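To keep things clear, I will list the structure first and then write my remarks on it.
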Amino acid sequence: MVGRLTAIYHVRSDARAIRARAQAIAIEQSVEMPLSAIDDAFVVSEIVGRVDGIRAHGDGVFEVRIALAVETIGRDAGQLINMLFGNTSLHDDVVLHDVDLPANLVTSFGGPRHGLADLRRRVDAGQRALTCSALKPQGLPPSALADLARRFAEGGIDYIKDDHGLADQHYARFSKRVEAITAALEKFPATRYVPSLSGDIDNMRHQLAIAARAGLDAVMVAPMLAGLANFHRLVREHTSFAFFAHPALAGAARLSPPLLIGKLFRMLGADAVIFPNHGGRFGYAPEACRALAKAALAGWEGLKPCVPVPAGGMSRERVPEMLDFYGADIMLLIGGALLAARERLVAETASFVAEVKNYGHG
């Protein structure tokens, strides 16, 4: 008998049609063909999706629970998301809200190799919240990016990451960028640089080799741009690196952010997950942000906690509010609001760092 996982969908439907709609999703996400055309007993009994529950949510939305065969996943991260939401994502009345996964499937993917505790240890942060900023805008040469990195480090920031728009453009080649920025940070061992990987998997492997030669131990990847299977492969191949997961292309409105960013990115090996905080440039609600952070940190089949990194239009003035909301098991990422200080960048960064360090001691 095969094992089962349970995909949980929110489906907008007329009450009279919801049972047929749920059965259609179960078939679509398992065998994708009329049941009458299947004459194999094993496929019919074990592989065909099974509707395990339907519950009204109100306002014409129903929670539909569908059991799918674990064996259809094949320990492949891309196939996991395909079985959960591949064809059904094409229907605009369905949201993939969550998934209940068996323990052996969760642990087979491995989860974070380093997680919250190690990212704190690397910068001697104790139990406080971590700080982070971003190098931007794209278009700057490596020397200008390196100067920004130095000024952030002078202000005492923990982690400096590339803006996700920095790839391998002619004006700031990955190798030249890494060389210039690591040189600029030589006098600041408490600050870590996190370059952004881009391109196909071979190109990202090459960039990881460059980062390793430069003495770096953390990188950033956008799993939805790179592909979930490629992201997971890089994590498994390069165990000494911490991986920051960027949410580019992860904002599909019909795939729950707490599930995708907080849960699945973590399971595939993200040590830190960046996401849009409520009240910033993007439309995440407070309850979604809280659920995402909880999913990243919660005890789950022995996986290490993953660091939630709220970002997206955040300002220093919101630091106390964000720490009140999330607690200290977090990394606060403020980019443009610090860069807007221009010649006062070092002082503004130092104020941001001091506010985080002094939180709760005032």
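Lettering and numbering for the structure tokens are positional, with chains as A, B, ... in the shown order, residues counted from 1 in each chain, and ligands counted from 1 in the shown order.
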Which range 195-304 of chain A residues have any atom within 10 Å of an atom of range 107-123 of chain A, and for each, what is the nearest pair of atoms with distance in Å to one decimal, counting only C-alpha atoms, rows sorted by chain and number, as a Markdown table?
| residue | atom | partner | partner_atom | distance |
| --- | --- | --- | --- | --- |
| A:Asp217 | CA | A:Arg122 | CA | 9.6 |
| A:Ala218 | CA | A:Leu119 | CA | 9.4 |
| A:His232 | CA | A:Phe109 | CA | 7.9 |
| A:Arg233 | CA | A:Phe109 | CA | 9.9 |
| A:Val235 | CA | A:Arg113 | CA | 8.0 |
| A:Arg236 | CA | A:Gly110 | CA | 8.2 |
| A:His238 | CA | A:Arg113 | CA | 9.7 |
| A:Thr239 | CA | A:Arg113 | CA | 6.6 |
| A:Ser240 | CA | A:Arg113 | CA | 8.0 |
| A:Phe241 | CA | A:His114 | CA | 8.2 |
| A:Ala242 | CA | A:His114 | CA | 6.2 |
| A:Phe243 | CA | A:Pro112 | CA | 8.1 |
| A:Phe244 | CA | A:Gly115 | CA | 9.9 |
| A:Lys263 | CA | A:Gly111 | CA | 9.6 |
| A:Leu264 | CA | A:Gly111 | CA | 8.9 |
| A:Phe265 | CA | A:Gly111 | CA | 8.3 |
| A:Arg266 | CA | A:Gly111 | CA | 5.6 |
| A:Met267 | CA | A:Gly111 | CA | 4.1 |
| A:Leu268 | CA | A:Gly111 | CA | 5.2 |
| A:Gly269 | CA | A:Pro112 | CA | 4.1 |
| A:Ala270 | CA | A:Pro112 | CA | 5.3 |
| A:Asp271 | CA | A:Gly115 | CA | 4.4 |
| A:Ala272 | CA | A:Gly115 | CA | 6.9 |
| A:Ala296 | CA | A:Gly115 | CA | 9.8 |
| A:Leu297 | CA | A:Leu116 | CA | 8.5 |
| A:Trp300 | CA | A:Thr107 | CA | 9.2 |
| A:Glu301 | CA | A:Thr107 | CA | 6.7 |
| A:Gly302 | CA | A:Thr107 | CA | 7.7 |
| A:Leu303 | CA | A:Gly111 | CA | 5.6 |
| A:Lys304 | CA | A:Gly115 | CA | 5.7 |
Write out as a PyMOL selection string all residues of range 82-318 of chain A that DSSP puts in helix (DSSP H, G or I) for this structure's backbone. chain A and resi 82-85+88-90+103-109+115-122+142-154+170-172+174-184+201-213+223-226+228-237+257-267+286-297+316-318
In Å and to one decimal, CA of Leu228 in chain A is distant from CA of Gly262 in chain A by 14.0 Å
Suppose you want the space between CA of Ala184 in chain A and CA of Glu154 in chain A; what is it in Å? 10.7 Å
Nearby residues (only C-alpha atoms) at most 10 Å from range 41-52 of chain A, same-chain spacing under 6 positions excluded, as a PyMOL selection string: chain A and resi 1-4+6-8+19+22-33+35+64-72
One residue among A:Gln207, A:Ser36, A:Gln127, A:Thr191 is nearest to Val219 in chain A when using only C-alpha atoms, and that residue is A:Gln207
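Proximity ranking of A:Ile160, A:Thr131, A:Leu148, A:Ala211 relative to Leu333 in chain A places A:Thr131 first, based on only C-alpha atoms.
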All strand (DSSP E or B) positions in range 44-208 of chain A, as a VMD selection string: chain A and resid 50 to 58 61 to 69 94 to 100 130 to 135 159 to 162 192 to 194 196
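Distances here use only C-alpha atoms; by that measure, the residue among A:Ala153, A:Ala295, A:Leu234, A:Ile38 closest to Ala350 in chain A is A:Ala153.
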Neighbouring residues of range 273-282 of chain A were defined as those with any atom within 7 Å, considering only C-alpha atoms; residues of the same chain fewer than 4 positions away were excluded. Please report them as a PDB file with C-alpha atoms, in the first residue's frame.
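The new file selection.pdb reads:
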ATOM      1  CA  PHE A 244      19.036  32.649   1.519  1.00  0.00           C
ATOM      2  CA  ALA A 245      15.855  32.108  -0.521  1.00  0.00           C
ATOM      3  CA  HIS A 246      14.553  35.182  -2.370  1.00  0.00           C
ATOM      4  CA  PRO A 247      10.802  35.384  -3.136  1.00  0.00           C
ATOM      5  CA  ILE A 261       8.043  30.351   1.300  1.00  0.00           C
ATOM      6  CA  PRO A 286      -0.255  40.643   8.807  1.00  0.00           C
ATOM      7  CA  CYS A 289       3.306  37.203   7.491  1.00  0.00           C
ATOM      8  CA  VAL A 307      15.305  32.494   9.591  1.00  0.00           C
ATOM      9  CA  PRO A 308      12.306  34.636   8.548  1.00  0.00           C
ATOM     10  CA  VAL A 309      13.517  37.806   6.775  1.00  0.00           C
ATOM     11  CA  PRO A 310      10.705  40.383   6.351  1.00  0.00           C
ATOM     12  CA  ALA A 311      11.577  42.997   3.732  1.00  0.00           C
ATOM     13  CA  GLY A 312      10.133  45.169   0.989  1.00  0.00           C
ATOM     14  CA  GLY A 313       9.963  48.878   1.743  1.00  0.00           C
ATOM     15  CA  MET A 314      10.840  48.598   5.424  1.00  0.00           C
TER      16      MET A 314
END
Tell me, as a PyMOL selection string, which residues lie within 12 Å of Leu197 in chain A, counting only C-alpha atoms; anything in the same chain fewer than 5 positions away does not count. chain A and resi 161-168+173-175+177-178+202-211+218-223+225-226+230-231+234+243-246
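You can rank A:Val11, A:Ser133, A:Leu80, A:Ala328 by their closest distance to Leu101 in chain A using only C-alpha atoms, and at the top of that list sits A:Leu80.
Considering the residues A:Leu345, A:Ala291, A:Val356, A:Leu145 and counting only C-alpha atoms, Pro320 in chain A has its shortest atom-to-atom contact with A:Val356.
Using only C-alpha atoms, the shortest contact distance between Ser315 in chain A and any of A:Tyr284, A:Phe352, A:Tyr359, A:Phe188 is found at A:Phe352.
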Do you know which residues are at most 8 Å from range 255-259 of chain A counting only C-alpha atoms, after dropping those on the same chain fewer than 6 positions away, and could you put them as an MDAnalysis selection string? chainID A and resid 95:99 288:289 291:293 295
How would the residues just picked look written out with C-alpha atoms as a PDB file, in the first residue's frame?
ATOM      1  CA  VAL A  95      -5.705  28.199  -4.126  1.00  0.00           C
ATOM      2  CA  LEU A  96      -3.144  25.682  -2.860  1.00  0.00           C
ATOM      3  CA  HIS A  97      -3.416  26.596   0.808  1.00  0.00           C
ATOM      4  CA  ASP A  98      -1.292  24.004   2.613  1.00  0.00           C
ATOM      5  CA  VAL A  99      -0.054  20.426   2.564  1.00  0.00           C
ATOM      6  CA  ALA A 288      -0.040  35.785   6.339  1.00  0.00           C
ATOM      7  CA  CYS A 289       3.306  37.203   7.491  1.00  0.00           C
ATOM      8  CA  ALA A 291       1.910  32.378   9.572  1.00  0.00           C
ATOM      9  CA  LEU A 292       4.908  32.427   7.224  1.00  0.00           C
ATOM     10  CA  ALA A 293       7.351  33.237  10.038  1.00  0.00           C
ATOM     11  CA  ALA A 295       6.127  27.970   9.464  1.00  0.00           C
TER      12      ALA A 295
END
What gap, in Å, lies between CA of Ala229 in chain A and CA of His91 in chain A? 23.8 Å
